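The data block below is my_file.tsv; it holds TSV, C-alpha atoms and all ligand atoms.
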chain	number	residue	atom	x	y	z
A	258	MET	CA	-3.77	-29.65	-2.46
A	259	ASP	CA	-7.52	-29.24	-2.84
A	260	SER	CA	-8.31	-29.89	-6.50
A	261	GLY	CA	-11.69	-28.14	-6.21
A	262	VAL	CA	-10.02	-24.95	-5.03
A	263	THR	CA	-7.43	-25.19	-7.78
A	264	LEU	CA	-10.11	-25.57	-10.43
A	265	ALA	CA	-12.00	-22.56	-9.08
A	266	LEU	CA	-8.90	-20.36	-8.93
A	267	PRO	CA	-6.76	-20.93	-12.04
A	268	GLY	CA	-3.09	-20.18	-11.62
A	269	LEU	CA	-3.12	-20.40	-7.83
A	270	ASP	CA	-0.25	-22.52	-6.51
A	271	LEU	CA	-1.04	-23.66	-2.97
A	272	SER	CA	2.45	-25.06	-2.32
A	273	ALA	CA	3.89	-21.73	-1.10
A	274	ARG	CA	4.72	-21.33	2.59
A	275	GLY	CA	3.26	-17.83	2.70
A	276	TYR	CA	1.16	-15.53	0.55
A	277	LEU	CA	1.25	-11.79	-0.05
A	278	VAL	CA	-2.20	-10.72	-1.18
A	279	ASP	CA	-3.17	-7.44	-2.81
A	280	LEU	CA	-6.44	-5.90	-1.65
A	281	ASP	CA	-8.23	-3.76	-4.28
A	282	GLY	CA	-9.13	-5.80	-7.36
A	283	THR	CA	-7.92	-8.99	-5.69
A	284	LEU	CA	-10.04	-9.35	-2.54
A	285	ILE	CA	-12.43	-6.40	-2.78
A	286	SER	CA	-13.73	-3.92	-5.33
A	287	GLY	CA	-15.69	-0.84	-4.32
A	288	GLY	CA	-15.60	-2.13	-0.74
A	289	ARG	CA	-17.30	-5.41	-1.67
A	290	PRO	CA	-15.77	-8.89	-1.82
A	291	LEU	CA	-15.12	-10.37	-5.25
A	292	PRO	CA	-16.79	-13.66	-6.33
A	293	TRP	CA	-13.67	-15.70	-5.47
A	294	THR	CA	-12.69	-13.96	-2.23
A	295	ALA	CA	-14.20	-16.46	0.21
A	296	THR	CA	-12.73	-19.41	-1.72
A	297	LEU	CA	-9.31	-17.77	-1.90
A	298	LEU	CA	-9.18	-16.89	1.79
A	299	ALA	CA	-10.29	-20.40	2.74
A	300	ALA	CA	-7.57	-21.90	0.53
A	301	LEU	CA	-4.84	-19.72	2.07
A	302	ALA	CA	-5.89	-20.84	5.57
A	303	GLY	CA	-4.43	-17.85	7.39
A	304	ARG	CA	-0.99	-18.15	5.79
A	305	PHE	CA	-1.15	-14.71	4.24
A	306	VAL	CA	-0.59	-11.01	4.73
A	307	ILE	CA	-2.42	-8.28	2.86
A	308	VAL	CA	-0.01	-5.99	1.00
A	309	SER	CA	-1.71	-2.84	-0.26
A	310	ASN	CA	-0.72	0.57	-1.60
A	311	ASP	CA	-3.40	2.09	0.67
A	312	ALA	CA	-1.86	5.35	1.92
A	313	GLU	CA	-4.84	6.60	3.88
A	314	HIS	CA	-5.70	4.08	6.60
A	315	THR	CA	-3.89	2.41	9.46
A	316	ALA	CA	-3.84	-1.39	9.70
A	317	ALA	CA	-6.25	-1.17	12.64
A	318	GLU	CA	-8.71	0.89	10.57
A	319	LEU	CA	-8.52	-1.52	7.65
A	320	ALA	CA	-8.99	-4.56	9.92
A	321	ALA	CA	-12.21	-2.94	11.16
A	322	LYS	CA	-13.34	-2.11	7.60
A	323	LEU	CA	-12.78	-5.73	6.49
A	324	ALA	CA	-14.23	-7.35	9.62
A	325	HIS	CA	-17.45	-8.28	7.77
A	326	LEU	CA	-15.32	-10.19	5.27
A	327	VAL	CA	-12.47	-11.75	7.20
A	328	ARG	CA	-11.07	-11.58	10.70
A	329	LEU	CA	-7.56	-10.13	10.41
A	330	ASP	CA	-4.90	-9.35	12.96
A	331	VAL	CA	-3.25	-5.97	12.37
A	332	SER	CA	0.04	-7.85	11.96
A	333	GLN	CA	-1.43	-9.37	8.75
A	334	ILE	CA	-1.93	-5.97	7.10
A	335	VAL	CA	0.93	-4.14	5.35
A	336	LEU	CA	-0.12	-0.72	4.03
A	337	ALA	CA	1.96	1.81	2.10
A	338	GLY	CA	1.07	4.85	4.21
A	339	GLU	CA	1.67	3.18	7.55
A	340	CYS	CA	4.83	1.50	6.24
A	341	ALA	CA	6.20	4.87	5.05
A	342	ILE	CA	5.67	6.41	8.48
A	343	ARG	CA	7.12	3.44	10.37
A	344	LEU	CA	10.22	3.36	8.14
A	345	LEU	CA	10.74	7.10	8.59
A	346	ALA	CA	10.34	6.84	12.38
A	347	ARG	CA	12.84	3.97	12.42
A	348	ASP	CA	15.44	5.42	10.05
A	349	ARG	CA	15.17	9.15	10.83
A	350	PRO	CA	13.54	9.46	14.26
A	351	ALA	CA	14.68	13.07	14.72
A	352	ALA	CA	13.37	14.25	11.34
A	353	ARG	CA	10.95	17.18	11.18
A	354	VAL	CA	8.21	16.08	8.81
A	355	LEU	CA	5.65	17.86	6.66
A	356	LEU	CA	3.10	15.04	6.55
A	357	LEU	CA	0.30	15.36	4.00
A	358	ALA	CA	-1.94	12.51	5.12
A	359	SER	CA	-5.15	11.48	6.88
A	360	ALA	CA	-5.79	12.31	10.54
A	361	SER	CA	-5.22	8.68	11.55
A	362	LEU	CA	-1.81	8.51	9.85
A	363	ARG	CA	-0.86	11.87	11.37
A	364	GLN	CA	-1.79	10.44	14.78
A	365	LEU	CA	0.31	7.33	14.10
A	366	ALA	CA	3.31	9.49	13.18
A	367	ALA	CA	2.92	11.55	16.35
A	368	ASP	CA	2.57	8.36	18.45
A	369	LEU	CA	5.84	7.09	16.93
A	370	GLY	CA	7.58	10.29	18.00
A	371	LEU	CA	7.96	12.01	14.64
A	372	GLY	CA	8.00	15.80	14.81
A	373	LEU	CA	5.26	17.11	12.51
A	374	THR	CA	5.62	20.62	11.15
A	375	ASP	CA	4.31	22.88	8.38
A	376	ASP	CA	7.46	24.93	8.41
A	377	ASP	CA	10.98	24.11	7.16
A	378	PRO	CA	10.78	20.30	7.41
A	379	ASP	CA	13.58	17.81	6.71
A	380	VAL	CA	11.16	15.49	4.91
A	381	VAL	CA	7.92	15.93	2.96
A	382	LEU	CA	5.89	12.72	3.15
A	383	VAL	CA	2.86	12.46	0.85
A	384	GLY	CA	-0.04	10.11	1.63
A	385	ARG	CA	-3.63	10.12	0.42
A	386	ASP	CA	-4.61	13.42	1.96
A	387	ARG	CA	-8.26	14.23	1.16
A	388	ASP	CA	-7.72	17.76	2.50
A	389	PHE	CA	-4.92	18.36	-0.03
A	390	SER	CA	-5.10	21.94	-1.32
A	391	TYR	CA	-3.29	24.81	-3.01
A	392	ALA	CA	-1.75	25.55	0.40
A	393	SER	CA	-0.49	21.95	0.61
A	394	ILE	CA	1.24	22.27	-2.77
A	395	ALA	CA	2.73	25.62	-1.77
A	396	ARG	CA	4.09	24.32	1.55
A	397	ALA	CA	5.50	21.17	-0.01
A	398	ALA	CA	7.07	22.94	-3.00
A	399	ARG	CA	8.67	25.57	-0.74
A	400	SER	CA	10.04	22.82	1.51
A	401	LEU	CA	11.53	20.88	-1.42
A	402	HIS	CA	13.05	24.09	-2.78
A	403	ARG	CA	14.77	24.56	0.59
A	404	GLY	CA	16.22	21.06	0.41
A	405	ALA	CA	13.73	18.76	2.13
A	406	ASP	CA	13.59	15.13	0.97
A	407	LEU	CA	10.41	13.82	-0.67
A	408	ILE	CA	8.82	10.49	0.17
A	409	VAL	CA	5.74	9.32	-1.73
A	410	ALA	CA	3.81	6.59	0.11
A	411	ASN	CA	1.98	5.30	-2.97
A	412	PRO	CA	2.97	5.94	-6.60
A	413	ASP	CA	-0.49	5.17	-8.05
A	414	THR	CA	-2.17	8.24	-9.56
A	415	SER	CA	-5.69	6.74	-9.45
A	416	HIS	CA	-7.65	3.59	-8.78
A	417	PRO	CA	-10.93	2.52	-10.43
A	418	GLY	CA	-14.14	3.42	-8.60
A	419	PRO	CA	-17.27	1.24	-8.54
A	420	GLY	CA	-18.30	2.42	-12.03
A	421	GLY	CA	-14.77	2.25	-13.42
A	422	GLU	CA	-14.26	5.98	-12.98
A	423	PRO	CA	-10.79	7.18	-11.84
A	424	VAL	CA	-10.53	7.93	-8.12
A	425	PRO	CA	-7.51	10.19	-7.39
A	426	GLU	CA	-4.68	8.54	-5.50
A	427	THR	CA	-1.53	9.62	-3.69
A	428	GLY	CA	0.59	9.70	-6.84
A	429	ALA	CA	-1.62	12.42	-8.31
A	430	LEU	CA	-0.97	14.60	-5.25
A	431	ALA	CA	2.76	14.00	-5.55
A	432	ALA	CA	2.58	14.87	-9.26
A	433	ALA	CA	0.98	18.23	-8.42
A	434	ILE	CA	3.78	18.98	-5.95
A	435	LEU	CA	6.46	17.99	-8.45
A	436	ALA	CA	4.80	20.08	-11.16
A	437	ALA	CA	5.19	23.11	-8.90
A	438	ALA	CA	8.58	22.29	-7.38
A	439	GLY	CA	10.27	20.95	-10.50
A	440	HIS	CA	11.45	17.43	-11.12
A	441	ARG	CA	13.72	15.91	-8.48
A	442	SER	CA	14.52	12.47	-7.13
A	443	TYR	CA	12.27	11.04	-4.44
A	444	ARG	CA	11.62	7.80	-2.63
A	445	VAL	CA	8.54	5.65	-3.26
A	446	ILE	CA	7.36	3.20	-0.59
A	447	GLY	CA	4.39	1.44	-2.25
A	448	LYS	CA	4.45	-1.35	-4.83
A	449	PRO	CA	6.30	-1.99	-7.11
A	450	GLU	CA	9.12	-0.73	-4.83
A	451	PRO	CA	10.54	-3.33	-2.42
A	452	ALA	CA	9.52	-1.96	1.01
A	453	LEU	CA	6.06	-3.56	1.28
A	454	PHE	CA	7.26	-6.91	-0.09
A	455	GLU	CA	10.15	-6.98	2.40
A	456	ASP	CA	7.84	-6.11	5.30
A	457	GLY	CA	5.36	-8.78	4.21
A	458	LEU	CA	8.04	-11.49	4.04
A	459	VAL	CA	9.24	-10.61	7.55
A	460	ARG	CA	5.71	-10.91	8.88
A	461	LEU	CA	5.19	-14.24	7.10
A	462	GLY	CA	8.53	-15.49	8.39
A	463	CYS	CA	9.47	-16.95	5.03
A	464	ALA	CA	12.02	-16.35	2.31
A	465	ALA	CA	11.15	-14.76	-1.01
A	466	ALA	CA	11.49	-18.09	-2.83
A	467	GLU	CA	8.92	-19.67	-0.47
A	468	ALA	CA	6.28	-17.00	-1.02
A	469	LEU	CA	3.66	-16.21	-3.67
A	470	MET	CA	2.31	-12.74	-4.47
A	471	ILE	CA	-1.36	-12.73	-5.54
A	472	GLY	CA	-2.49	-9.51	-7.23
A	473	ASP	CA	-4.39	-8.06	-10.16
A	474	ASN	CA	-1.78	-5.56	-11.39
A	475	PRO	CA	1.23	-7.02	-13.25
A	476	ALA	CA	2.92	-3.58	-13.31
A	477	THR	CA	2.94	-3.20	-9.52
A	478	ASP	CA	2.16	-6.56	-7.88
A	479	GLY	CA	3.87	-8.61	-10.59
A	480	ALA	CA	6.92	-6.47	-11.34
A	481	GLY	CA	7.53	-5.74	-7.66
A	482	ALA	CA	7.29	-9.41	-6.75
A	483	ALA	CA	9.67	-10.39	-9.57
A	484	ALA	CA	12.23	-7.80	-8.43
A	485	ALA	CA	11.97	-9.18	-4.88
A	486	GLY	CA	12.39	-12.79	-6.06
A	487	ILE	CA	8.77	-13.71	-5.27
A	488	ARG	CA	6.59	-15.69	-7.67
A	489	PHE	CA	3.41	-14.00	-8.92
A	490	CYS	CA	-0.15	-15.22	-9.39
A	491	ASP	CA	-2.30	-12.94	-11.57
A	492	ALA	CA	-5.66	-12.59	-9.80
A	493	ARG	CA	-7.26	-11.51	-13.10
A	494	LEU	CA	-7.16	-15.21	-14.01
A	495	PHE	CA	-9.73	-15.83	-11.26
A	496	ARG	CA	-12.28	-13.92	-13.35
A	497	GLY	CA	-11.93	-16.53	-16.03
A	498	ASP	CA	-11.93	-13.89	-18.79
A	499	ARG	CA	-8.28	-14.02	-19.76
B	501	MG	MG	-5.02	-4.33	-6.97
Can you turn what I pasted into structure tokens?
Amino acid sequence: MDSGVTLALPGLDLSARGYLVDLDGTLISGGRPLPWTATLLAALAGRFVIVSNDAEHTAAELAAKLAHLVRLDVSQIVLAGECAIRLLARDRPAARVLLLASASLRQLAADLGLGLTDDDPDVVLVGRDRDFSYASIARAARSLHRGADLIVANPDTSHPGPGGEPVPETGALAAAILAAAGHRSYRVIGKPEPALFEDGLVRLGCAAAEALMIGDNPATDGAGAAAAGIRFCDARLFRGDR
């Protein structure tokens, strides 16, 4: 263990076989690296996957966005939106899907063979759709009323912008749909639910007990890791203000 690294990053245990690392607030903020990001990535020496509730981009897009910071293979990036689509394509390949999501995620779904429709779907899948509108709510609410299942890629209702202002997230879109359609059960893919943690462990090739989750949100990163049997390192400790 490198004692210098340990001193710089309090709470970081470098004895894990593999690391699941949150993105926003842990590696970047407002698109910029945090003061400890280079030190952290050097300490993890490639033994990590990024696990993020991002429900807008594909792994390939995010790898390109982060290329100035770190060279990542797409296999090292686990994102809620892409994970939701891949799980749906695997588990329900014949499903007709109303997909409220970015153009790149819609393309991914089509490439995986999912049938996308605006009319009478089997499943409504909500991602971070910046074109979300009154018509989106109407289509989704009508579909749920007719019996379609609801999948929400990311439960977060907002994330902090560069000035600390709330930036609307996927969960806020889902809340609008549920406000119109009435409360019902639905499946969540993003943290703290288990899907992203399970995917990350598979990619790392290690068991839950051998891994460490590094994140800045105890309610999602921490609680989700604990439920999955993964230890948690609170990245807020890296700031040195707690
Ligand atoms: Mg975070």
Using all atoms listed in the file, determine which residues fall within 9 Å of ligand MG 501 (chain B), then list them as number ranges by chain. A: 279-286, 309-310, 416, 472-474, 477-478, 492
Create the file for the chosen residues now, containing C-alpha atoms and written as a short mmCIF file (atom, residue, chain, number, x, y, z; two decimals), keeping the file's coordinate frame.
data_model
loop_
_atom_site.label_atom_id
_atom_site.label_comp_id
_atom_site.auth_asym_id
_atom_site.auth_seq_id
_atom_site.Cartn_x
_atom_site.Cartn_y
_atom_site.Cartn_z
CA ASP A 279 -3.17 -7.44 -2.81
CA LEU A 280 -6.44 -5.90 -1.65
CA ASP A 281 -8.23 -3.76 -4.28
CA GLY A 282 -9.13 -5.80 -7.36
CA THR A 283 -7.92 -8.99 -5.69
CA LEU A 284 -10.04 -9.35 -2.54
CA ILE A 285 -12.43 -6.40 -2.78
CA SER A 286 -13.73 -3.92 -5.33
CA SER A 309 -1.71 -2.84 -0.26
CA ASN A 310 -0.72 0.57 -1.60
CA HIS A 416 -7.65 3.59 -8.78
CA GLY A 472 -2.49 -9.51 -7.23
CA ASP A 473 -4.39 -8.06 -10.16
CA ASN A 474 -1.78 -5.56 -11.39
CA THR A 477 2.94 -3.20 -9.52
CA ASP A 478 2.16 -6.56 -7.88
CA ALA A 492 -5.66 -12.59 -9.80
#
Using 9 Å as the limit and counting all atoms listed in the file, can you tabulate each residue of region 448-490 of chain A that touches region 336-356 of chain A, with its shortest atom-to-atom distance in Å and the two atoms involved, as JSON lines?
{"residue": "A:Lys448", "atom": "CA", "partner": "A:Ala337", "partner_atom": "CA", "distance": 8.0}
{"residue": "A:Ala452", "atom": "CA", "partner": "A:Cys340", "partner_atom": "CA", "distance": 7.8}
{"residue": "A:Leu453", "atom": "CA", "partner": "A:Ala337", "partner_atom": "CA", "distance": 6.8}
{"residue": "A:Asp456", "atom": "CA", "partner": "A:Cys340", "partner_atom": "CA", "distance": 8.2}
Point (9.3, 24.3, -5.4) neighbourhood (8 Å, all atoms listed in the file) written as a PyMOL selection string: chain A and resi 395+397-402+434-435+437-439
CA of Pro451 (chain A) to CA of Pro267 (chain A): how many Å, to one decimal?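 Result for CA of Pro451 (chain A) versus CA of Pro267 (chain A): 26.5 Å, one decimal.
Nearest to Gly268 (chain A) of all the residues A:Leu458, A:Ile487, A:Ala431, A:Leu297 is A:Leu297, based on only C-alpha atoms.
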Taking all listed atoms of region 324-333 of chain A, build the axis-aligned box, pad each of the six sides by 8 Å, then write its centre and edge lengths in Å to one decimal as JSON.
{"center_x": -8.7, "center_y": -8.9, "center_z": 9.1, "size_x": 33.5, "size_y": 21.8, "size_z": 23.7}
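The residue that comes closest to Arg460 (chain A), out of A:Val445, A:Val335, A:Ala300, A:Ala320 and on the basis of all atoms listed in the file, is A:Val335.
In this model, the gap between CA of Glu450 (chain A) and CA of Glu318 (chain A) comes to 23.6 Å.
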Atomic separation - CA of Val459 (chain A) relative to CA of Thr294 (chain A), Å: 24.2 Å
Shortest interatomic distance to Pro412 (chain A) - which of A:Asp311, A:Arg441, A:Val306, A:Ala436, counting all atoms listed in the file: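 The closest residue to Pro412 (chain A) is A:Asp311.
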From the list A:Asp375, A:Ala480, A:Leu365, A:Leu430, which residue is nearest Phe454 (chain A) when using only C-alpha atoms?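 Using only C-alpha atoms, the shortest distance to Phe454 (chain A) belongs to A:Ala480.
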7 Å contact set for Leu362 (chain A), only C-alpha atoms, chain neighbours under 6 positions out, as a list in words: Glu313, His314, Thr315 and Glu339 of chain A
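Minimum atom-to-atom distances from A:Leu266, A:Cys490, A:Ala312, A:Ala468 to Glu426 (chain A) were compared using all atoms listed in the file, and the lowest value belongs to A:Ala312.
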Would you mind completing region 265-289 of chain A so that it carries N, CA and C atoms, and writing it out as a PDB file, in the frame of the given file?
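Just written: out24.pdb:
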ATOM      1  N   ALA A 265     -11.257 -23.810  -9.197  1.00  0.00           N
ATOM      2  CA  ALA A 265     -12.000 -22.560  -9.080  1.00  0.00           C
ATOM      3  C   ALA A 265     -11.099 -21.344  -9.237  1.00  0.00           C
ATOM      4  N   LEU A 266      -9.824 -21.491  -8.905  1.00  0.00           N
ATOM      5  CA  LEU A 266      -8.900 -20.360  -8.930  1.00  0.00           C
ATOM      6  C   LEU A 266      -7.709 -20.701  -9.810  1.00  0.00           C
ATOM      7  N   PRO A 267      -7.846 -20.551 -11.128  1.00  0.00           N
ATOM      8  CA  PRO A 267      -6.760 -20.930 -12.040  1.00  0.00           C
ATOM      9  C   PRO A 267      -5.496 -20.146 -11.769  1.00  0.00           C
ATOM     10  N   GLY A 268      -4.380 -20.839 -11.802  1.00  0.00           N
ATOM     11  CA  GLY A 268      -3.090 -20.180 -11.620  1.00  0.00           C
ATOM     12  C   GLY A 268      -2.634 -20.123 -10.175  1.00  0.00           C
ATOM     13  N   LEU A 269      -3.503 -20.485  -9.239  1.00  0.00           N
ATOM     14  CA  LEU A 269      -3.120 -20.400  -7.830  1.00  0.00           C
ATOM     15  C   LEU A 269      -2.345 -21.646  -7.412  1.00  0.00           C
ATOM     16  N   ASP A 270      -1.119 -21.442  -6.971  1.00  0.00           N
ATOM     17  CA  ASP A 270      -0.250 -22.520  -6.510  1.00  0.00           C
ATOM     18  C   ASP A 270      -0.305 -22.535  -4.988  1.00  0.00           C
ATOM     19  N   LEU A 271      -0.865 -23.604  -4.428  1.00  0.00           N
ATOM     20  CA  LEU A 271      -1.040 -23.660  -2.970  1.00  0.00           C
ATOM     21  C   LEU A 271       0.136 -24.313  -2.265  1.00  0.00           C
ATOM     22  N   SER A 272       1.285 -24.440  -2.958  1.00  0.00           N
ATOM     23  CA  SER A 272       2.450 -25.060  -2.320  1.00  0.00           C
ATOM     24  C   SER A 272       3.344 -24.041  -1.638  1.00  0.00           C
ATOM     25  N   ALA A 273       3.042 -22.745  -1.745  1.00  0.00           N
ATOM     26  CA  ALA A 273       3.890 -21.730  -1.100  1.00  0.00           C
ATOM     27  C   ALA A 273       3.753 -21.815   0.420  1.00  0.00           C
ATOM     28  N   ARG A 274       4.796 -21.355   1.123  1.00  0.00           N
ATOM     29  CA  ARG A 274       4.720 -21.330   2.590  1.00  0.00           C
ATOM     30  C   ARG A 274       3.913 -20.130   3.073  1.00  0.00           C
ATOM     31  N   GLY A 275       3.984 -19.032   2.297  1.00  0.00           N
ATOM     32  CA  GLY A 275       3.260 -17.830   2.700  1.00  0.00           C
ATOM     33  C   GLY A 275       2.820 -17.038   1.483  1.00  0.00           C
ATOM     34  N   TYR A 276       1.757 -16.262   1.663  1.00  0.00           N
ATOM     35  CA  TYR A 276       1.160 -15.530   0.550  1.00  0.00           C
ATOM     36  C   TYR A 276       1.071 -14.043   0.872  1.00  0.00           C
ATOM     37  N   LEU A 277       1.469 -13.225  -0.116  1.00  0.00           N
ATOM     38  CA  LEU A 277       1.250 -11.790  -0.050  1.00  0.00           C
ATOM     39  C   LEU A 277       0.061 -11.504  -0.956  1.00  0.00           C
ATOM     40  N   VAL A 278      -0.967 -10.871  -0.422  1.00  0.00           N
ATOM     41  CA  VAL A 278      -2.200 -10.720  -1.180  1.00  0.00           C
ATOM     42  C   VAL A 278      -2.564  -9.250  -1.303  1.00  0.00           C
ATOM     43  N   ASP A 279      -2.704  -8.799  -2.540  1.00  0.00           N
ATOM     44  CA  ASP A 279      -3.170  -7.440  -2.810  1.00  0.00           C
ATOM     45  C   ASP A 279      -4.628  -7.317  -2.344  1.00  0.00           C
ATOM     46  N   LEU A 280      -5.077  -6.108  -2.154  1.00  0.00           N
ATOM     47  CA  LEU A 280      -6.440  -5.900  -1.650  1.00  0.00           C
ATOM     48  C   LEU A 280      -7.411  -5.500  -2.766  1.00  0.00           C
ATOM     49  N   ASP A 281      -7.271  -4.262  -3.284  1.00  0.00           N
ATOM     50  CA  ASP A 281      -8.230  -3.760  -4.280  1.00  0.00           C
ATOM     51  C   ASP A 281      -8.072  -4.491  -5.609  1.00  0.00           C
ATOM     52  N   GLY A 282      -9.162  -5.065  -6.099  1.00  0.00           N
ATOM     53  CA  GLY A 282      -9.130  -5.800  -7.360  1.00  0.00           C
ATOM     54  C   GLY A 282      -8.741  -7.250  -7.181  1.00  0.00           C
ATOM     55  N   THR A 283      -8.308  -7.614  -5.973  1.00  0.00           N
ATOM     56  CA  THR A 283      -7.920  -8.990  -5.690  1.00  0.00           C
ATOM     57  C   THR A 283      -8.840  -9.620  -4.645  1.00  0.00           C
ATOM     58  N   LEU A 284      -9.112  -8.873  -3.571  1.00  0.00           N
ATOM     59  CA  LEU A 284     -10.040  -9.350  -2.540  1.00  0.00           C
ATOM     60  C   LEU A 284     -11.338  -8.559  -2.513  1.00  0.00           C
ATOM     61  N   ILE A 285     -11.242  -7.245  -2.796  1.00  0.00           N
ATOM     62  CA  ILE A 285     -12.430  -6.400  -2.780  1.00  0.00           C
ATOM     63  C   ILE A 285     -12.426  -5.471  -3.994  1.00  0.00           C
ATOM     64  N   SER A 286     -13.604  -4.958  -4.322  1.00  0.00           N
ATOM     65  CA  SER A 286     -13.730  -3.920  -5.330  1.00  0.00           C
ATOM     66  C   SER A 286     -14.892  -3.027  -4.909  1.00  0.00           C
ATOM     67  N   GLY A 287     -14.652  -1.733  -4.792  1.00  0.00           N
ATOM     68  CA  GLY A 287     -15.690  -0.840  -4.320  1.00  0.00           C
ATOM     69  C   GLY A 287     -16.160  -1.207  -2.915  1.00  0.00           C
ATOM     70  N   GLY A 288     -15.263  -1.766  -2.112  1.00  0.00           N
ATOM     71  CA  GLY A 288     -15.600  -2.130  -0.740  1.00  0.00           C
ATOM     72  C   GLY A 288     -16.303  -3.465  -0.596  1.00  0.00           C
ATOM     73  N   ARG A 289     -16.577  -4.139  -1.713  1.00  0.00           N
ATOM     74  CA  ARG A 289     -17.300  -5.410  -1.670  1.00  0.00           C
ATOM     75  C   ARG A 289     -16.385  -6.565  -2.044  1.00  0.00           C
TER      76      ARG A 289
END
